[in-house]
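Shown next: protein-v4.tsv, containing TSV, C-alpha atoms.
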chain	number	residue	atom	x	y	z
B	11	MET	CA	2.65	21.57	-40.78
B	12	LYS	CA	5.64	22.89	-42.73
B	13	ASN	CA	8.31	20.37	-43.72
B	14	TRP	CA	11.38	22.60	-43.66
B	15	LEU	CA	12.76	20.94	-40.51
B	16	ARG	CA	14.47	17.83	-41.82
B	17	SER	CA	17.31	15.78	-40.45
B	18	ASP	CA	18.60	12.25	-40.73
B	19	HIS	CA	19.25	12.38	-36.99
B	20	VAL	CA	15.91	13.66	-35.62
B	21	ILE	CA	12.38	12.24	-35.84
B	22	GLU	CA	9.38	14.59	-35.64
B	23	GLU	CA	6.02	13.11	-34.71
B	24	LYS	CA	2.59	14.51	-33.90
B	25	ILE	CA	1.25	12.75	-30.82
B	26	TYR	CA	-1.56	12.89	-28.27
B	27	ILE	CA	-1.11	12.26	-24.58
B	28	ASN	CA	-4.66	11.42	-23.64
B	29	LYS	CA	-6.38	14.30	-25.45
B	30	ILE	CA	-3.47	16.76	-25.31
B	31	PRO	CA	-2.07	17.41	-28.82
B	32	ALA	CA	1.70	17.77	-29.00
B	33	ILE	CA	4.72	17.60	-31.28
B	34	LEU	CA	7.51	15.23	-30.28
B	35	PHE	CA	11.11	15.45	-31.46
B	36	ARG	CA	13.59	12.70	-30.66
B	37	PRO	CA	17.04	11.59	-31.84
B	38	VAL	CA	16.94	8.74	-34.35
B	39	LYS	CA	19.61	6.80	-32.51
B	40	GLY	CA	19.02	6.69	-28.79
B	41	GLN	CA	20.72	4.53	-26.20
B	42	GLY	CA	18.33	3.55	-23.44
B	43	LEU	CA	15.93	6.14	-22.05
B	44	TYR	CA	15.87	9.72	-23.39
B	45	PRO	CA	16.66	12.83	-21.37
B	46	THR	CA	13.47	14.76	-22.08
B	47	ILE	CA	12.50	18.45	-22.21
B	48	ILE	CA	8.94	19.79	-22.09
B	49	PHE	CA	8.70	23.06	-24.04
B	50	TYR	CA	5.75	25.40	-23.31
B	51	HIS	CA	4.65	28.07	-25.80
B	52	GLY	CA	3.44	31.56	-24.97
B	53	TRP	CA	0.14	33.44	-25.05
B	54	SER	CA	-1.30	33.58	-28.61
B	55	SER	CA	1.29	31.04	-29.81
B	56	ASN	CA	1.03	27.27	-30.37
B	57	LYS	CA	3.16	24.14	-30.59
B	58	GLU	CA	4.02	24.68	-34.26
B	59	ASN	CA	5.58	28.07	-33.54
B	60	GLN	CA	8.15	26.50	-31.23
B	61	ARG	CA	9.23	23.70	-33.57
B	62	PHE	CA	12.57	25.21	-34.56
B	63	ARG	CA	13.71	25.72	-30.98
B	64	ALA	CA	12.65	22.19	-30.05
B	65	PHE	CA	14.38	20.82	-33.15
B	66	ILE	CA	17.66	22.46	-32.10
B	67	LEU	CA	17.48	20.80	-28.68
B	68	ALA	CA	16.65	17.43	-30.25
B	69	THR	CA	19.70	17.57	-32.52
B	70	LEU	CA	21.79	17.70	-29.34
B	71	GLY	CA	20.40	14.41	-28.05
B	72	TYR	CA	17.30	15.44	-26.12
B	73	GLN	CA	13.76	14.24	-26.64
B	74	VAL	CA	11.52	17.33	-26.74
B	75	ILE	CA	7.74	17.61	-26.48
B	76	ILE	CA	5.72	20.76	-27.23
B	77	PRO	CA	2.09	20.52	-26.02
B	78	ASP	CA	-0.69	22.85	-27.11
B	79	ALA	CA	-2.14	24.74	-24.16
B	80	ILE	CA	-5.91	25.08	-23.81
B	81	ASN	CA	-7.29	28.03	-25.80
B	82	HIS	CA	-4.40	27.66	-28.25
B	83	GLY	CA	-3.54	25.73	-31.40
B	84	GLU	CA	-5.74	22.67	-31.84
B	85	ARG	CA	-7.46	23.37	-28.55
B	86	GLY	CA	-9.59	26.35	-29.58
B	87	PRO	CA	-7.80	29.64	-30.36
B	88	ILE	CA	-9.39	32.85	-29.08
B	89	ASP	CA	-8.96	36.59	-29.66
B	90	TYR	CA	-5.67	37.19	-27.86
B	91	GLU	CA	-5.77	40.96	-28.36
B	92	SER	CA	-8.87	41.19	-26.16
B	93	THR	CA	-8.09	42.43	-22.64
B	94	GLU	CA	-11.24	40.66	-21.46
B	95	ASN	CA	-9.94	37.35	-22.79
B	96	MET	CA	-6.58	37.91	-21.17
B	97	GLU	CA	-8.33	38.57	-17.84
B	98	ARG	CA	-10.42	35.45	-18.21
B	99	TYR	CA	-8.02	32.95	-19.76
B	100	PHE	CA	-4.37	33.87	-19.12
B	101	TRP	CA	-3.99	32.46	-15.62
B	102	ASP	CA	-6.50	29.66	-16.21
B	103	THR	CA	-4.37	28.51	-19.15
B	104	ILE	CA	-1.31	28.37	-16.90
B	105	PHE	CA	-3.22	26.52	-14.18
B	106	SER	CA	-4.46	24.01	-16.74
B	107	ASN	CA	-0.90	23.45	-17.99
B	108	ILE	CA	0.20	22.67	-14.44
B	109	ASP	CA	-2.75	20.32	-13.89
B	110	GLU	CA	-1.95	18.47	-17.13
B	111	SER	CA	1.79	18.28	-16.53
B	112	LYS	CA	1.67	15.10	-14.46
B	113	GLU	CA	-0.14	13.13	-17.17
B	114	ILE	CA	2.32	14.46	-19.75
B	115	ILE	CA	5.27	13.35	-17.63
B	116	GLU	CA	3.71	9.95	-16.96
B	117	GLY	CA	2.79	9.51	-20.63
B	118	LEU	CA	6.31	10.35	-21.77
B	119	ALA	CA	7.80	7.82	-19.37
B	120	CYS	CA	5.30	5.05	-20.13
B	121	LYS	CA	4.99	5.34	-23.91
B	122	TRP	CA	7.81	7.45	-25.32
B	123	GLY	CA	10.87	6.28	-23.44
B	124	ALA	CA	11.54	9.34	-21.32
B	125	ASP	CA	14.04	8.97	-18.49
B	126	SER	CA	11.92	10.00	-15.49
B	127	ASN	CA	15.09	11.02	-13.66
B	128	ARG	CA	16.19	13.38	-16.45
B	129	ILE	CA	13.26	15.65	-17.28
B	130	GLY	CA	13.64	19.38	-17.84
B	131	VAL	CA	11.16	22.12	-18.61
B	132	VAL	CA	11.44	25.36	-20.57
B	133	GLY	CA	9.02	28.02	-21.79
B	134	ASN	CA	8.76	31.44	-23.33
B	135	SER	CA	6.57	34.31	-22.06
B	136	MET	CA	3.34	32.70	-20.75
B	137	GLY	CA	5.17	29.43	-21.36
B	138	GLY	CA	7.85	30.72	-18.99
B	139	PHE	CA	5.21	31.30	-16.30
B	140	THR	CA	3.96	27.78	-17.01
B	141	ALA	CA	7.41	26.18	-16.95
B	142	ALA	CA	8.13	27.83	-13.59
B	143	GLY	CA	4.84	26.57	-12.16
B	144	VAL	CA	5.25	23.06	-13.56
B	145	PHE	CA	8.79	22.89	-12.17
B	146	THR	CA	7.65	24.15	-8.77
B	147	HIS	CA	4.84	21.65	-8.39
B	148	ASN	CA	6.58	18.58	-9.87
B	149	SER	CA	9.56	17.79	-7.66
B	150	ASN	CA	10.75	15.06	-10.06
B	151	ILE	CA	11.55	17.63	-12.78
B	152	ARG	CA	15.27	18.26	-12.69
B	153	VAL	CA	15.94	21.53	-14.56
B	154	LEU	CA	14.11	24.79	-15.37
B	155	VAL	CA	14.80	27.43	-18.04
B	156	VAL	CA	12.57	30.52	-18.34
B	157	PHE	CA	12.60	32.83	-21.37
B	158	ASN	CA	10.97	36.22	-20.68
B	159	GLY	CA	8.56	34.74	-18.14
B	160	SER	CA	8.07	35.06	-14.41
B	161	CYS	CA	8.82	33.16	-11.23
B	162	GLY	CA	7.17	35.95	-9.23
B	163	TRP	CA	3.52	35.64	-10.18
B	164	GLU	CA	1.96	38.02	-7.67
B	165	TYR	CA	4.29	40.79	-8.79
B	166	SER	CA	3.57	40.07	-12.46
B	167	ASN	CA	-0.17	39.96	-11.83
B	168	GLU	CA	-0.04	43.44	-10.29
B	169	TYR	CA	2.03	44.62	-13.26
B	170	PHE	CA	-0.56	43.23	-15.70
B	171	LYS	CA	-3.43	44.88	-13.83
B	172	LYS	CA	-1.70	48.25	-13.96
B	173	THR	CA	-0.48	47.93	-17.56
B	174	PHE	CA	-3.71	46.60	-19.02
B	175	LYS	CA	-6.03	48.48	-16.62
B	176	ILE	CA	-7.63	45.31	-15.25
B	177	LYS	CA	-10.16	45.75	-12.44
B	178	VAL	CA	-10.50	42.86	-10.00
B	179	ASP	CA	-14.05	41.55	-9.60
B	180	ARG	CA	-15.21	38.60	-7.53
B	181	GLY	CA	-14.27	36.07	-10.22
B	182	LEU	CA	-10.77	37.47	-10.63
B	183	LYS	CA	-10.29	37.47	-6.84
B	184	SER	CA	-10.51	33.67	-6.80
B	185	ILE	CA	-7.90	33.57	-9.57
B	186	GLU	CA	-5.62	35.85	-7.57
B	187	ASP	CA	-5.92	33.55	-4.55
B	188	LYS	CA	-4.72	30.65	-6.71
B	189	VAL	CA	-1.91	32.78	-8.18
B	190	LYS	CA	-0.71	33.46	-4.64
B	191	LYS	CA	-0.90	29.79	-3.64
B	192	LEU	CA	0.97	28.45	-6.69
B	193	ASP	CA	3.42	31.35	-7.11
B	194	PRO	CA	6.97	29.93	-7.27
B	195	MET	CA	8.17	32.84	-5.13
B	196	ASN	CA	5.84	31.65	-2.37
B	197	ASN	CA	7.20	28.10	-2.57
B	198	LEU	CA	10.94	28.64	-2.24
B	199	ASP	CA	11.48	25.69	0.08
B	200	ILE	CA	10.60	23.21	-2.68
B	201	LEU	CA	12.72	25.08	-5.24
B	202	LYS	CA	16.00	25.75	-3.45
B	203	ASN	CA	19.08	23.92	-4.76
B	204	ARG	CA	17.30	22.85	-7.98
B	205	PRO	CA	18.84	24.21	-11.23
B	206	ILE	CA	17.01	27.34	-12.45
B	207	LEU	CA	18.08	29.61	-15.32
B	208	MET	CA	16.19	32.82	-16.11
B	209	LEU	CA	16.84	34.73	-19.36
B	210	HIS	CA	15.18	38.10	-19.81
B	211	GLY	CA	15.49	41.36	-21.72
B	212	ASP	CA	15.79	44.38	-19.44
B	213	ASN	CA	13.57	46.42	-21.78
B	214	ASP	CA	10.72	43.87	-21.90
B	215	ASN	CA	7.46	45.85	-22.05
B	216	MET	CA	5.18	42.77	-21.91
B	217	VAL	CA	6.56	40.87	-18.90
B	218	SER	CA	8.56	43.07	-16.56
B	219	ILE	CA	12.01	41.76	-15.64
B	220	GLU	CA	11.48	43.03	-12.08
B	221	SER	CA	9.63	39.86	-11.05
B	222	GLN	CA	12.69	37.81	-12.02
B	223	ARG	CA	15.05	40.16	-10.23
B	224	LEU	CA	12.97	39.94	-7.04
B	225	PHE	CA	12.74	36.15	-7.25
B	226	TYR	CA	16.48	35.83	-7.85
B	227	GLU	CA	17.36	38.06	-4.90
B	228	LYS	CA	15.03	36.08	-2.65
B	229	ILE	CA	16.05	32.55	-3.62
B	230	LYS	CA	19.79	32.85	-4.31
B	231	PRO	CA	20.81	32.97	-0.60
B	232	LEU	CA	19.06	29.61	-0.11
B	233	TYR	CA	21.34	27.79	-2.58
B	234	ARG	CA	24.35	25.80	-1.39
B	235	ASP	CA	25.72	25.76	-4.96
B	236	LYS	CA	25.28	29.24	-6.47
B	237	ASN	CA	26.04	27.84	-9.94
B	238	LYS	CA	22.61	26.23	-9.94
B	239	ILE	CA	20.70	29.51	-9.90
B	240	GLN	CA	21.25	32.21	-12.51
B	241	LEU	CA	19.53	35.28	-13.96
B	242	ILE	CA	20.98	36.61	-17.21
B	243	GLU	CA	19.78	40.04	-18.32
B	244	TYR	CA	20.00	41.26	-21.93
B	245	SER	CA	20.56	44.98	-22.33
B	246	ASN	CA	17.95	46.94	-24.33
B	247	LEU	CA	16.13	43.75	-25.34
B	248	ASP	CA	12.33	43.73	-25.52
B	249	HIS	CA	10.10	40.62	-25.44
B	250	PHE	CA	12.15	38.34	-27.72
B	251	VAL	CA	14.13	35.10	-27.60
B	252	THR	CA	17.57	35.59	-29.11
B	253	THR	CA	20.25	33.22	-30.40
B	254	ASN	CA	22.31	34.02	-27.31
B	255	MET	CA	19.40	32.97	-25.11
B	256	MET	CA	19.13	29.65	-26.93
B	257	GLU	CA	22.86	29.10	-26.46
B	258	GLU	CA	22.60	29.73	-22.72
B	259	CYS	CA	19.59	27.40	-22.56
B	260	ILE	CA	21.52	24.63	-24.30
B	261	ASN	CA	24.52	25.08	-22.01
B	262	TRP	CA	22.26	24.92	-18.96
B	263	PHE	CA	20.58	21.68	-20.01
B	264	TYR	CA	23.98	20.24	-20.94
B	265	SER	CA	25.32	21.05	-17.47
B	266	HIS	CA	22.32	19.98	-15.38
B	267	LEU	CA	20.24	17.49	-17.37
Please express what this file holds, its structure, as structure tokens.
Amino acid sequence: MKNWLRSDHVIEEKIYINKIPAILFRPVKGQGLYPTIIFYHGWSSNKENQRFRAFILATLGYQVIIPDAINHGERGPIDYESTENMERYFWDTIFSNIDESKEIIEGLACKWGADSNRIGVVGNSMGGFTAAGVFTHNSNIRVLVVFNGSCGWEYSNEYFKKTFKIKVDRGLKSIEDKVKKLDPMNNLDILKNRPILMLHGDNDNMVSIESQRLFYEKIKPLYRDKNKIQLIEYSNLDHFVTTNMMEECINWFYSHL
């Protein structure tokens, strides 16, 4: 692990929650329990690749954990360029992240001083899909930020099949059934009025922005406070996280966490 992230105000520690490897950032001087953010990485990435973004959040007073997803980092990297591997592992990786999220949340509260009433979640790309799913199916998580991900999984799945020429066989049909069941857009009643920020480039050729537009149009009318739901589009931006996105993310956590 590179040592270029150094601060007298932030501690970086490699930890395991059960068998899940993760990097934990926390302020040196904390008062009481920590407001805590879980940061999910994308497809082909790993926890180390998100260190700088997590470090920035930690310098502002948040405790931040970045877990490695299965099939990534310490948990067995694969050939991410393979369409077959994407068919087989993409959604299963997201499902696994959701299944593991409860033990991560419990571990943070029990051992690392997380304030269970002030937990947020953020992710980029596949990590954005994950963050949306974890937020949807953990009602105790307070805030969601999605970079270039999707809260409309069925739409995105159809987009992936068309873009990557994926044919649905019997095995993939069972995955699609689970995508439909867990899709945030199909669970709006447990999402409404909870703070959600979506940040996305309108020229993203990996994860279409249309799923976020559809989700936003569908859920916004359900909110009493419209300031708690926001989609910010970035003109001519492809599949990247920009400085402006990080600034909006920070402002959102500051306002709602």
Quiz item: Please, what distance in Å, to one decimal, runs between CA of Asn134 (chain B) and CA of His19 (chain B)?
Solution: 25.7 Å
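With all atoms listed in the file as the atoms that count, the residue of B:Ser54, B:Gln73, B:Ile47, B:Gly86 with the shortest distance to Pro31 (chain B) is B:Gly86.
Using all atoms listed in the file, the nearest neighbour of Glu164 (chain B) within the list B:Asp89, B:Glu186, B:Asp125, B:Asp248 is B:Glu186.
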Practice problem: Please indicate the distance in Å from CA of Trp122 (chain B) to CA of Leu70 (chain B), rounded to one decimal place. | Solution: 17.8 Å
Quiz item: Using all atoms listed in the file, which of the listed residues (B:Glu220, B:Asp212, B:Asp187, B:Asp199) sits closest to Cys161 (chain B)?
Solution: B:Glu220
Quiz item: Separation of CA of Asn107 (chain B) and CA of Gln240 (chain B), in Å?
Solution: 24.4 Å
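Using only C-alpha atoms, the nearest neighbour of Glu84 (chain B) within the list B:Phe263, B:Phe65, B:Tyr99, B:Tyr26 is B:Tyr26.
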Quick one: residues within 8 Å of region 214-219 of chain B, only C-alpha atoms, excluding same-chain residues fewer than 5 positions away - as an mmCIF file with C-alpha atoms, in the coordinates of the input?
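Done, and the output landed in selection.cif:
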data_model
loop_
_atom_site.group_PDB
_atom_site.id
_atom_site.type_symbol
_atom_site.label_atom_id
_atom_site.label_comp_id
_atom_site.auth_asym_id
_atom_site.auth_seq_id
_atom_site.Cartn_x
_atom_site.Cartn_y
_atom_site.Cartn_z
ATOM 1 C CA SER B 135 6.570 34.310 -22.060
ATOM 2 C CA ASN B 158 10.970 36.220 -20.680
ATOM 3 C CA GLY B 159 8.560 34.740 -18.140
ATOM 4 C CA SER B 160 8.070 35.060 -14.410
ATOM 5 C CA SER B 166 3.570 40.070 -12.460
ATOM 6 C CA TYR B 169 2.030 44.620 -13.260
ATOM 7 C CA LEU B 247 16.130 43.750 -25.340
ATOM 8 C CA ASP B 248 12.330 43.730 -25.520
ATOM 9 C CA HIS B 249 10.100 40.620 -25.440
#
Quiz item: Taking (10.6, 32.8, -18.0) in the file's coordinates, which residues come within 8 Å, counting all atoms listed in the file, written as a list in words?
Solution: Val132, Gly133, Asn134, Ser135, Met136, Gly137, Gly138, Phe139, Ala141, Ala142, Val155, Val156, Phe157, Asn158, Gly159, Ser160, Cys161, Met208, Leu209 and His210 of chain B
Residue selection dump (C-alpha atoms) as a PDB file, keeping the file's coordinate frame:
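Result saved to part_17.pdb:
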ATOM      1  CA  VAL B 132      11.440  25.360 -20.570  1.00  0.00           C
ATOM      2  CA  GLY B 133       9.020  28.020 -21.790  1.00  0.00           C
ATOM      3  CA  ASN B 134       8.760  31.440 -23.330  1.00  0.00           C
ATOM      4  CA  SER B 135       6.570  34.310 -22.060  1.00  0.00           C
ATOM      5  CA  MET B 136       3.340  32.700 -20.750  1.00  0.00           C
ATOM      6  CA  GLY B 137       5.170  29.430 -21.360  1.00  0.00           C
ATOM      7  CA  GLY B 138       7.850  30.720 -18.990  1.00  0.00           C
ATOM      8  CA  PHE B 139       5.210  31.300 -16.300  1.00  0.00           C
ATOM      9  CA  ALA B 141       7.410  26.180 -16.950  1.00  0.00           C
ATOM     10  CA  ALA B 142       8.130  27.830 -13.590  1.00  0.00           C
ATOM     11  CA  VAL B 155      14.800  27.430 -18.040  1.00  0.00           C
ATOM     12  CA  VAL B 156      12.570  30.520 -18.340  1.00  0.00           C
ATOM     13  CA  PHE B 157      12.600  32.830 -21.370  1.00  0.00           C
ATOM     14  CA  ASN B 158      10.970  36.220 -20.680  1.00  0.00           C
ATOM     15  CA  GLY B 159       8.560  34.740 -18.140  1.00  0.00           C
ATOM     16  CA  SER B 160       8.070  35.060 -14.410  1.00  0.00           C
ATOM     17  CA  CYS B 161       8.820  33.160 -11.230  1.00  0.00           C
ATOM     18  CA  MET B 208      16.190  32.820 -16.110  1.00  0.00           C
ATOM     19  CA  LEU B 209      16.840  34.730 -19.360  1.00  0.00           C
ATOM     20  CA  HIS B 210      15.180  38.100 -19.810  1.00  0.00           C
TER      21      HIS B 210
END
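Nearest-residue note for Phe105 (chain B): choosing from B:Met256, B:Ile76, B:Val144, B:Leu43, the minimum distance belongs to B:Val144, counting only C-alpha atoms.
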Quiz prompt | Who sits within 8 Å of Gly123 (chain B), only C-alpha atoms, same chain under 4 positions skipped, as a ChimeraX atom specification | solution = /B:42-44,118-119
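Between Thr103 (chain B) and the candidates B:Arg128, B:Arg152, B:His51, B:Lys39, the tightest atom-to-atom separation, counting all atoms listed in the file, involves B:His51.
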